[in-house]
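Novice: Below are the structure tokens for one structure; questions will follow.
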Number of protein chains: 2
Amino acid sequence: MGMDTAVSSTGARARTRRAILDAGTAVLAQNPTASLADVAAAAGVGRTTVHRYFAERSDLVDAIGMDVLDKIGAATDRARPDDGPALTALERICQEYFELGESLAIIFDESMAATWNWESWEEDTEADRALARLVDRGREEGTLDGRLDTDWIVQVLWSLLYVAWQRNRGGDTKHNALSLCLYTLRKSVGAPS
Amino acid sequence: MGMDTAVSSTGARARTRRAILDAGTAVLAQNPTASLADVAAAAGVGRTTVHRYFAERSDLVDAIGMDVLDKIGAATDRARPDDGPALTALERICQEYFELGESLAIIFDESMAATWNWESWEEDTEADRALARLVDRGREEGTLDGRLDTDWIVQVLWSLLYVAWQRNRGGDTKHNALSLCLYTLRKSVGAPS
DNA sequence: CGAAAATGGAACAGCGATGTTCTACTGCCG
DNA sequence: CGGCAGTAGAACATCGCTGTTCCATTTTCG
């Protein structure tokens with residue numbers, strides 16, 4: 001009835017859409033000002049096909065944003081933020097987020113957020129709330145540093161992830177980068193000893 | 001003799017140049033793809049005047065880059081990186097860098113570095129070397145965490161500065177943001193207790 | 001004051017990205 | 001086999017930014 005905007009009939013549409021979305025994420029993560037022709041080339045489709053799926057550039061950017069938010073949501077769920085000691089749960093979240101790879105750059109990049117028309121962008125996701133809840137819990141438990149407020153801890157987590165991912169790009173091992181990230185996270189936001 | 005590219009005759013040229021450079025830093029820090037018209041408006045000069053000082057966009061971007069590097073160099077000197085315990089010196093550096101404000105975003109932003117033609121950009125500045133020297137010293141002294149390599153510590157410093165500056169923008173007190181930054185820096189890169 | 005320096009603004013051409021339309025090709029499924 | 005969904009690619013108009021030129025005006029300074 002025209003309501004099937006999410007799932008398409010043949011499945012070919014869905015596959016192409018995913019290819020464009022993934023290519024778009026990869027390309028725009030490296031260069032937020034890349035042209036749609038670049039995205040099309042990376043996705044292995046024609047430039048007009050991109051426009052067939054996303055009328056305007058902003059539509060593509062918004063869709064990528066939503067897609068990344070979905071991935072973050074799924075990653076957050078996998079990390080079981082409400083299980084066990086808060087610091088341990090935070091480490092699990094860190095590991096899961098680290099696996100998101102290129103998507104991290106999308107979230108972190110400001111020049112992307114600048115061109116974001118999207119309505120429900122400023123408002124918190126369920127994942128945001130879960131993370132905030134987790135940090136709050138940790139501060140009350142005493143496993144996280146009470147001298148640091150919740151926002152700060154969340155920001156530090158993201159920035160450490162970003163730095164670790166850059167290091168990964170720079171040729172270092174994934175395992176190595178993640179280890180440094182987790183170790184530093186524990187030290188910086190964990191309760192002082 | 002045409003060699004006076006640095007200092008100009010009247011001093012009016014120097015003032016205008018500074019205005020454009022400062023405005024350019026502020027504007028491009030917030031939006032790396034801002035037009036030269038935006039920069040001109042922010043500087044309070046005509047668009048053609050900008051082109052009179054910087055023939056191409058890349059010339060302006062390069063000049064801003066050099067300017068920021070100069071500021072970082074001066075800030076590093078003020079922090080006396082070779083005096084006293086390494087951790088204390090690193091805190092002084094953190095304070096000085098924090099004062100650089102908008103310029104931090106310029107350094108941190110990748111989409112800026114992408115459009116950077118500039119020759120001597122990859123190679124280390126004297127400030128970079130001084131900072132690396134300081135961190136090395138700290139790791140040998142035992143005041144910095146030997147389990148973290150020098151590069152990582154430097155990266156963490158920059159990312160904490162970036163997060164703190166964002167927080168400052170977000171309405172928080174400078175003092176508050178800097179305190180959090182320094183406290184977190186000590187905890188994260190200081191020697192484990 | 002008066003000349004030189006510096007500026008603002010209009011006007012223009014060029015360029016690359018965007019978004020649209022149309023045509024022809026491919027592969028899939030009934 | 002024949003129709004149909006999906007696609008590529010060419011062609012086109014448009015738009016905003018860039019870089020340049022020219023001229024009138026203002027500022028600076030001797």
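Naming scheme: A, B, ... for chains in displayed order of the structure tokens; residues 1 onward per chain; ligands 1 onward as shown.
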Compute the chain D side of the contact with chain B at 9 Å, counting only C-alpha atoms (C1' of nucleotides), and hand it back as a count of residues only.
Specialist: 5
Novice: Specify as a PyMOL selection string all residues of chain A found within 12 Å of chain B, counting only C-alpha atoms.
Specialist: chain A and resi 28-34+105+108-115+145-168+170+172+176-193
Novice: For chain C, work out the contacting residues on chain B at 12 Å, counting only C-alpha atoms (C1' of nucleotides), and write them as a short mmCIF file (atom, residue, chain, number, x, y, z; two decimals) with all heavy atoms, in the first residue's frame.
Specialist:
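The resulting file, result-v2.cif, is reproduced below:
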```
data_model
loop_
_atom_site.label_atom_id
_atom_site.label_comp_id
_atom_site.auth_asym_id
_atom_site.auth_seq_id
_atom_site.Cartn_x
_atom_site.Cartn_y
_atom_site.Cartn_z
N SER B 8 55.25 44.21 6.38
CA SER B 8 54.89 45.12 5.30
C SER B 8 55.22 46.56 5.68
O SER B 8 55.46 46.87 6.85
CB SER B 8 53.41 44.99 4.98
OG SER B 8 52.65 45.47 6.05
N SER B 9 55.19 47.39 4.70
CA SER B 9 55.61 48.78 4.90
C SER B 9 54.67 49.52 5.86
O SER B 9 55.09 49.93 6.95
CB SER B 9 55.68 49.48 3.55
OG SER B 9 54.58 49.08 2.74
N THR B 10 53.43 49.67 5.43
CA THR B 10 52.55 50.56 6.18
C THR B 10 52.09 50.01 7.52
O THR B 10 51.82 50.78 8.43
CB THR B 10 51.31 50.88 5.34
OG1 THR B 10 50.85 49.67 4.75
CG2 THR B 10 51.62 51.89 4.27
N GLY B 11 51.97 48.72 7.60
CA GLY B 11 51.41 48.17 8.82
C GLY B 11 49.93 47.93 8.65
O GLY B 11 49.34 47.12 9.37
N ALA B 12 49.33 48.61 7.70
CA ALA B 12 47.92 48.38 7.40
C ALA B 12 47.78 47.00 6.77
O ALA B 12 46.85 46.26 7.08
CB ALA B 12 47.39 49.46 6.45
N ARG B 13 48.72 46.68 5.89
CA ARG B 13 48.70 45.35 5.27
C ARG B 13 48.77 44.27 6.34
O ARG B 13 48.04 43.29 6.29
CB ARG B 13 49.89 45.21 4.31
CG ARG B 13 49.72 45.96 3.01
CD ARG B 13 50.69 45.45 1.95
NE ARG B 13 50.38 44.12 1.48
CZ ARG B 13 49.45 43.84 0.58
NH1 ARG B 13 48.72 44.80 0.07
NH2 ARG B 13 49.23 42.60 0.18
N ALA B 14 49.66 44.47 7.29
CA ALA B 14 49.83 43.47 8.35
C ALA B 14 48.54 43.30 9.14
O ALA B 14 48.14 42.17 9.45
CB ALA B 14 50.98 43.88 9.27
N ARG B 15 47.89 44.42 9.41
CA ARG B 15 46.66 44.35 10.20
C ARG B 15 45.57 43.60 9.45
O ARG B 15 44.88 42.75 10.00
CB ARG B 15 46.19 45.75 10.57
CG ARG B 15 46.62 46.17 11.99
CD ARG B 15 46.01 47.51 12.38
NE ARG B 15 46.50 48.61 11.55
CZ ARG B 15 45.75 49.29 10.70
NH1 ARG B 15 44.47 48.98 10.55
NH2 ARG B 15 46.26 50.28 9.99
N THR B 16 45.40 43.95 8.19
CA THR B 16 44.38 43.28 7.39
C THR B 16 44.67 41.79 7.28
O THR B 16 43.78 40.95 7.43
CB THR B 16 44.32 43.89 5.98
OG1 THR B 16 44.09 45.29 6.09
CG2 THR B 16 43.21 43.26 5.18
N ALA B 40 35.60 36.40 4.34
CA ALA B 40 35.72 37.83 4.12
C ALA B 40 34.74 38.60 5.01
O ALA B 40 35.11 39.57 5.66
CB ALA B 40 35.45 38.14 2.65
N ALA B 41 33.51 38.11 5.05
CA ALA B 41 32.49 38.77 5.87
C ALA B 41 32.90 38.77 7.33
O ALA B 41 32.79 39.78 8.02
CB ALA B 41 31.15 38.07 5.68
N GLY B 44 35.42 41.21 8.03
CA GLY B 44 35.01 42.59 7.81
C GLY B 44 35.68 43.23 6.63
O GLY B 44 35.90 44.45 6.60
N VAL B 45 36.04 42.41 5.64
CA VAL B 45 36.66 42.95 4.43
C VAL B 45 35.93 42.42 3.19
O VAL B 45 35.11 41.51 3.30
CB VAL B 45 38.16 42.55 4.33
CG1 VAL B 45 38.92 43.02 5.55
CG2 VAL B 45 38.29 41.05 4.14
N GLY B 46 36.24 42.99 2.05
CA GLY B 46 35.62 42.54 0.82
C GLY B 46 36.24 41.22 0.36
O GLY B 46 37.35 40.88 0.74
N ARG B 47 35.48 40.52 -0.45
CA ARG B 47 35.97 39.22 -0.90
C ARG B 47 37.22 39.36 -1.76
O ARG B 47 38.13 38.53 -1.71
CB ARG B 47 34.87 38.52 -1.70
CG ARG B 47 35.14 37.08 -2.02
CD ARG B 47 33.92 36.43 -2.63
NE ARG B 47 33.63 36.92 -3.95
CZ ARG B 47 34.11 36.38 -5.08
NH1 ARG B 47 34.92 35.33 -5.02
NH2 ARG B 47 33.80 36.87 -6.24
N THR B 48 37.25 40.42 -2.56
CA THR B 48 38.42 40.62 -3.42
C THR B 48 39.68 40.89 -2.59
O THR B 48 40.78 40.54 -2.99
CB THR B 48 38.20 41.80 -4.38
OG1 THR B 48 37.75 42.92 -3.63
CG2 THR B 48 37.18 41.44 -5.43
N THR B 49 39.49 41.52 -1.45
CA THR B 49 40.64 41.80 -0.59
C THR B 49 41.28 40.50 -0.12
O THR B 49 42.51 40.40 -0.06
CB THR B 49 40.20 42.65 0.61
OG1 THR B 49 39.63 43.86 0.16
CG2 THR B 49 41.39 42.96 1.50
N VAL B 50 40.45 39.54 0.19
CA VAL B 50 40.99 38.24 0.59
C VAL B 50 41.87 37.68 -0.51
O VAL B 50 42.99 37.22 -0.27
CB VAL B 50 39.86 37.25 0.91
CG1 VAL B 50 40.41 35.85 1.17
CG2 VAL B 50 39.05 37.72 2.11
N ARG B 52 43.38 39.32 -2.68
CA ARG B 52 44.55 40.16 -2.85
C ARG B 52 45.67 39.70 -1.93
O ARG B 52 46.85 39.82 -2.25
CB ARG B 52 44.17 41.62 -2.56
CG ARG B 52 45.04 42.64 -3.24
CD ARG B 52 44.46 44.04 -3.11
NE ARG B 52 43.34 44.27 -4.03
CZ ARG B 52 42.14 44.72 -3.66
NH1 ARG B 52 41.89 44.95 -2.38
NH2 ARG B 52 41.20 44.93 -4.55
N TYR B 53 45.29 39.13 -0.78
CA TYR B 53 46.30 38.67 0.18
C TYR B 53 46.65 37.20 -0.03
O TYR B 53 47.78 36.79 0.20
CB TYR B 53 45.79 38.90 1.61
CG TYR B 53 45.91 40.33 2.05
CD1 TYR B 53 44.98 41.28 1.65
CD2 TYR B 53 46.98 40.74 2.85
CE1 TYR B 53 45.09 42.60 2.04
CE2 TYR B 53 47.10 42.06 3.25
CZ TYR B 53 46.15 42.99 2.84
OH TYR B 53 46.26 44.30 3.22
#
```
Novice: Between CA of Asp67 (chain B) and CA of Phe54 (chain B), what is the distance, to one decimal in Å?
Specialist: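 Value for the CA of Asp67 (chain B)-CA of Phe54 (chain B) distance: 13.8 Å.
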Novice: Got a sec to tell me which of region 1-118 of chain A DSSP assigns to helix (DSSP H, G or I), as an MDAnalysis selection string?
Specialist: chainID A and resid 12:30 36:43 47:53 57:78 86:98 102:108 110:114
